[in-house]
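Okay, final01.cif now, which holds mmCIF, C-alpha atoms:
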```cif
data_query
#
loop_
_atom_site.label_atom_id
_atom_site.label_comp_id
_atom_site.auth_asym_id
_atom_site.auth_seq_id
_atom_site.Cartn_x
_atom_site.Cartn_y
_atom_site.Cartn_z
CA MET A 1 348.77 148.16 268.13
CA LYS A 2 349.44 151.41 270.02
CA LYS A 3 347.82 149.96 273.18
CA VAL A 4 350.09 146.89 273.03
CA VAL A 5 353.23 149.03 272.63
CA ILE A 6 352.19 151.33 275.49
CA ALA A 7 351.39 148.36 277.76
CA ALA A 8 354.76 146.77 276.97
CA LEU A 9 356.56 150.05 277.66
CA VAL A 10 354.80 150.51 281.02
CA GLY A 11 355.69 146.91 281.96
CA ALA A 12 359.35 147.40 281.02
CA ILE A 13 359.58 150.60 283.06
CA ALA A 14 358.03 148.87 286.08
CA LEU A 15 360.41 145.91 285.86
CA ALA A 16 363.46 148.14 285.51
CA GLY A 17 363.16 149.12 289.18
CA CYS A 18 362.44 145.59 290.47
CA SER A 19 364.69 143.82 292.97
CA LYS A 20 364.25 140.77 295.19
CA LYS A 21 364.03 142.87 298.35
CA ALA A 22 362.06 145.87 297.20
CA GLU A 23 358.42 146.54 296.65
CA GLU A 24 357.86 150.04 295.46
CA ALA A 25 354.90 151.72 293.85
CA VAL A 26 355.87 153.01 290.43
CA ASP A 27 352.95 154.86 288.86
CA ASP A 28 350.48 152.56 290.66
CA VAL A 29 352.35 149.41 289.60
CA THR A 30 353.34 147.33 292.62
CA LEU A 31 356.46 145.17 292.43
CA THR A 32 357.06 142.01 294.47
CA CYS A 33 358.76 142.11 297.86
CA GLU A 34 360.17 138.72 298.90
CA PRO A 35 362.80 137.57 301.41
CA GLY A 36 366.33 137.46 300.05
CA GLU A 37 369.46 135.60 301.13
CA GLY A 38 371.45 136.71 304.17
CA PRO A 39 370.84 139.60 306.54
CA LEU A 40 368.62 142.50 305.60
CA THR A 41 370.48 145.63 304.59
CA VAL A 42 369.03 149.11 304.57
CA SER A 43 370.71 152.48 304.38
CA ALA A 44 369.78 156.10 304.91
CA LYS A 45 371.12 158.88 302.71
CA ASP A 46 369.78 162.39 302.22
CA SER A 47 367.01 161.57 304.74
CA GLU A 48 365.69 158.68 302.64
CA PHE A 49 365.88 154.91 302.97
CA ASP A 50 367.28 153.06 299.97
CA THR A 51 364.15 150.87 299.77
CA LYS A 52 360.42 151.08 300.39
CA CYS A 53 359.96 147.38 301.22
CA LEU A 54 361.89 144.78 303.17
CA ALA A 55 360.97 141.13 303.69
CA VAL A 56 362.13 138.25 305.89
CA ALA A 57 361.05 134.66 306.43
CA ALA A 58 358.43 134.47 309.17
CA ASP A 59 358.97 132.99 312.64
CA GLY A 60 362.76 133.30 312.75
CA ALA A 61 364.99 135.89 314.40
CA PHE A 62 366.92 138.01 311.91
CA THR A 63 369.45 140.82 311.65
CA VAL A 64 369.30 144.18 309.93
CA ASP A 65 372.54 145.82 308.84
CA PHE A 66 371.64 149.52 308.96
CA THR A 67 373.98 152.11 307.44
CA ASN A 68 373.61 155.81 308.10
CA ASN A 69 375.24 157.72 305.24
CA ASP A 70 374.24 161.11 306.64
CA SER A 71 376.07 163.23 309.23
CA PHE A 72 372.95 163.40 311.44
CA PRO A 73 371.09 160.65 313.33
CA HIS A 74 368.72 158.01 311.95
CA ASN A 75 367.41 154.68 313.18
CA PHE A 76 365.34 151.74 311.95
CA SER A 77 362.19 150.56 313.76
CA ILE A 78 359.38 148.13 312.92
CA TYR A 79 355.72 148.72 313.82
CA LYS A 80 352.48 146.78 313.46
CA GLU A 81 351.25 149.68 311.31
CA SER A 82 351.93 153.37 310.80
CA GLY A 83 351.43 155.03 314.19
CA GLY A 84 350.83 151.61 315.76
CA GLU A 85 352.50 149.41 318.35
CA ASP A 86 356.27 149.14 318.02
CA LEU A 87 357.67 145.65 317.52
CA PHE A 88 361.34 146.66 317.32
CA LYS A 89 363.05 149.99 318.01
CA GLY A 90 366.60 150.34 316.78
CA LYS A 91 369.07 152.49 318.68
CA ASN A 92 369.89 155.79 316.99
CA GLN A 93 372.91 155.77 314.71
CA ASP A 94 374.11 159.30 315.50
CA LYS A 95 376.63 159.67 312.68
CA SER A 96 377.76 157.96 309.51
CA GLY A 97 378.43 154.27 310.00
CA THR A 98 376.82 150.86 310.19
CA VAL A 99 375.10 149.08 313.06
CA THR A 100 373.66 145.56 313.16
CA TYR A 101 370.28 145.22 314.83
CA ASN A 102 369.16 141.82 316.18
CA VAL A 103 365.41 141.46 315.78
CA ASP A 104 363.17 138.82 317.36
CA ALA A 105 361.02 136.63 315.11
CA LEU A 106 357.83 138.11 313.69
CA PRO A 107 354.77 136.08 312.71
CA ALA A 108 353.77 136.15 309.06
CA GLY A 109 352.16 139.44 308.11
CA ASP A 110 352.62 142.92 306.75
CA TYR A 111 354.15 145.57 308.98
CA TYR A 112 355.64 149.06 308.72
CA PHE A 113 359.18 150.37 309.17
CA GLN A 114 360.41 153.90 309.75
CA CYS A 115 363.12 156.15 311.10
CA ASP A 116 361.73 157.38 314.42
CA ILE A 117 363.61 160.67 314.10
CA HIS A 118 362.26 161.35 310.59
CA ASP A 119 358.92 159.55 310.34
CA ASP A 120 358.56 160.46 306.66
CA MET A 121 361.36 157.91 306.10
CA ASN A 122 359.29 154.73 306.04
CA GLY A 123 358.20 151.66 304.12
CA LYS A 124 356.50 148.29 304.16
CA PHE A 125 357.95 145.37 306.11
CA ARG A 126 356.82 141.83 305.31
CA SER A 127 357.28 138.65 307.30
CA VAL A 128 356.59 135.87 304.80
CA ALA A 129 355.48 132.33 305.72
CA ALA A 130 357.38 129.51 304.05
CA THR A 131 355.56 127.79 301.23
CA PRO A 132 355.22 124.00 301.51
#
```
Structure translated into C-alpha cells:
Amino acid sequence: MKKVVIAALVGAIALAGCSKKAEEAVDDVTLTCEPGEGPLTVSAKDSEFDTKCLAVAADGAFTVDFTNNDSFPHNFSIYKESGGEDLFKGKNQDKSGTVTYNVDALPAGDYYFQCDIHDDMNGKFRSVAATP
C-alpha cells in the first residue's frame, strides 16, 4: 500500500509541472514536449529561460516571440546539438522588451536552444513530424 501511495504522489508531482510546450526533467521524470498553437513564446528573466523544451511542427517556417525581462542582453539560438552547428542565431535583445524571430523550417528531429551570451541558459528544441 505504501508503494502505491508513493508512486501516486510522485506521479502527481510530475504532472503538476506539465504543460503542452514544456519538457522538463523533474527528479528523473520526463514530461512530454509537443507543438502548441500559435507562435512559440520564450522569455528570459534572472538569466533563465521560462522553459527547458520548445516544440514546433516539422518542415514549416515558424516564429519565436522572445521577451527579455532582464536589463542586460540575451538572445535565442537553435543548434543541432550543444556546441554543434548553429541552425538559427537570434539577434541580441540588449534590454527589456520583446522581439519576434523568423526561423526557417527545420526537419523533424531533436535540437538544442540557448542564449549565446549565457550558454548555461539552454534547453531542448523539438521539430515534430505530423502524424498521419
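Picked by the PyMOL selection byres ((chain A and resi 108-117) around 8) from the coordinates shown: A:Ala57, A:Ala58, A:Asp59, A:Pro73, A:His74, A:Asn75, A:Phe76, A:Ser77, A:Ile78, A:Tyr79, A:Lys80, A:Glu81, A:Ser82, A:Leu106, A:Pro107, A:His118, A:Asp119, A:Asp120, A:Met121, A:Asn122, A:Gly123, A:Lys124, A:Phe125, A:Arg126, A:Ser127, A:Val128, A:Ala129.
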task = Tell me which protein, DNA and RNA residues are within 9 Å of Thr41 (chain A), counting only C-alpha atoms, leaving out same-chain ones fewer than 4 positions away, and put them as a PyMOL selection string.
result = chain A and resi 54+63-67
request  = Between A:Lys45, A:Glu34, A:Thr51, A:Leu40, single out the one closest to Asn102 (chain A), counting only C-alpha atoms.
outcome  = A:Leu40
task = Apply the PyMOL selection byres ((chain A and resi 95) around 6) to the structure shown and report the selected residues as number ranges by chain.
result = A: 71-73, 93-94, 96
Could the residues in this selection be saved with C-alpha atoms as a compact mmCIF listing (two decimals), in the frame of the given file?
```
# COMPACT_ATOMS: atom_id res chain seq x y z
CA SER A 71 376.07 163.23 309.23
CA PHE A 72 372.95 163.40 311.44
CA PRO A 73 371.09 160.65 313.33
CA GLN A 93 372.91 155.77 314.71
CA ASP A 94 374.11 159.30 315.50
CA SER A 96 377.76 157.96 309.51
```
task = One decimal, Å: what's the distance from CA of Gly83 (chain A) over to CA of Cys53 (chain A), could you say?
result = 17.3 Å
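From CA of Gly60 (chain A) back to CA of Glu48 (chain A), the distance works out to 27.5 Å.
CA of Thr98 (chain A) is positioned 16.3 Å from CA of Gly38 (chain A).
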query = Smallest atom-to-atom distance to Asp104 (chain A): which of A:Gly36, A:Phe88, A:Asn69, A:Ala44, using all atoms listed in the file?
reply = A:Phe88
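Proximity to Ser43 (chain A) was assessed for A:Thr131, A:Asn68, A:Glu85, A:Ala105 counting only C-alpha atoms; the smallest distance is recorded for A:Asn68.
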Where atoms are lacking, region 83-98 of chain A completed to N, CA and C atoms, as a PDB file, in the frame of the given file:
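Produced file out.pdb, reproduced below:
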```
ATOM      1  N   GLY A  83     351.996 154.472 312.962  1.00  0.00           N
ATOM      2  CA  GLY A  83     351.430 155.030 314.190  1.00  0.00           C
ATOM      3  C   GLY A  83     350.986 153.977 315.181  1.00  0.00           C
ATOM      4  N   GLY A  84     351.282 152.710 314.911  1.00  0.00           N
ATOM      5  CA  GLY A  84     350.830 151.610 315.760  1.00  0.00           C
ATOM      6  C   GLY A  84     351.871 151.170 316.774  1.00  0.00           C
ATOM      7  N   GLU A  85     351.633 149.998 317.336  1.00  0.00           N
ATOM      8  CA  GLU A  85     352.500 149.410 318.350  1.00  0.00           C
ATOM      9  C   GLU A  85     353.872 149.089 317.763  1.00  0.00           C
ATOM     10  N   ASP A  86     354.936 149.457 318.509  1.00  0.00           N
ATOM     11  CA  ASP A  86     356.270 149.140 318.020  1.00  0.00           C
ATOM     12  C   ASP A  86     356.606 147.690 318.334  1.00  0.00           C
ATOM     13  N   LEU A  87     357.233 147.030 317.367  1.00  0.00           N
ATOM     14  CA  LEU A  87     357.670 145.650 317.520  1.00  0.00           C
ATOM     15  C   LEU A  87     359.184 145.573 317.699  1.00  0.00           C
ATOM     16  N   PHE A  88     359.900 146.553 317.161  1.00  0.00           N
ATOM     17  CA  PHE A  88     361.340 146.660 317.320  1.00  0.00           C
ATOM     18  C   PHE A  88     361.732 148.114 317.162  1.00  0.00           C
ATOM     19  N   LYS A  89     362.548 148.619 318.094  1.00  0.00           N
ATOM     20  CA  LYS A  89     363.050 149.990 318.010  1.00  0.00           C
ATOM     21  C   LYS A  89     364.564 149.943 318.022  1.00  0.00           C
ATOM     22  N   GLY A  90     365.147 150.320 316.890  1.00  0.00           N
ATOM     23  CA  GLY A  90     366.600 150.340 316.780  1.00  0.00           C
ATOM     24  C   GLY A  90     367.182 151.575 317.446  1.00  0.00           C
ATOM     25  N   LYS A  91     368.341 151.385 318.058  1.00  0.00           N
ATOM     26  CA  LYS A  91     369.070 152.490 318.680  1.00  0.00           C
ATOM     27  C   LYS A  91     369.489 153.480 317.597  1.00  0.00           C
ATOM     28  N   ASN A  92     369.481 154.757 317.935  1.00  0.00           N
ATOM     29  CA  ASN A  92     369.890 155.790 316.990  1.00  0.00           C
ATOM     30  C   ASN A  92     371.337 155.603 316.566  1.00  0.00           C
ATOM     31  N   GLN A  93     371.574 155.743 315.271  1.00  0.00           N
ATOM     32  CA  GLN A  93     372.910 155.770 314.710  1.00  0.00           C
ATOM     33  C   GLN A  93     373.204 157.248 314.496  1.00  0.00           C
ATOM     34  N   ASP A  94     373.965 157.855 315.438  1.00  0.00           N
ATOM     35  CA  ASP A  94     374.110 159.300 315.500  1.00  0.00           C
ATOM     36  C   ASP A  94     374.963 159.922 314.390  1.00  0.00           C
ATOM     37  N   LYS A  95     375.785 159.135 313.746  1.00  0.00           N
ATOM     38  CA  LYS A  95     376.630 159.670 312.680  1.00  0.00           C
ATOM     39  C   LYS A  95     376.815 158.590 311.625  1.00  0.00           C
ATOM     40  N   SER A  96     377.520 158.933 310.567  1.00  0.00           N
ATOM     41  CA  SER A  96     377.760 157.960 309.510  1.00  0.00           C
ATOM     42  C   SER A  96     378.384 156.698 310.067  1.00  0.00           C
ATOM     43  N   GLY A  97     377.913 155.560 309.566  1.00  0.00           N
ATOM     44  CA  GLY A  97     378.430 154.270 310.000  1.00  0.00           C
ATOM     45  C   GLY A  97     377.345 153.212 309.923  1.00  0.00           C
ATOM     46  N   THR A  98     377.728 151.993 310.273  1.00  0.00           N
ATOM     47  CA  THR A  98     376.820 150.860 310.190  1.00  0.00           C
ATOM     48  C   THR A  98     376.646 150.222 311.557  1.00  0.00           C
TER      49      THR A  98
END
```
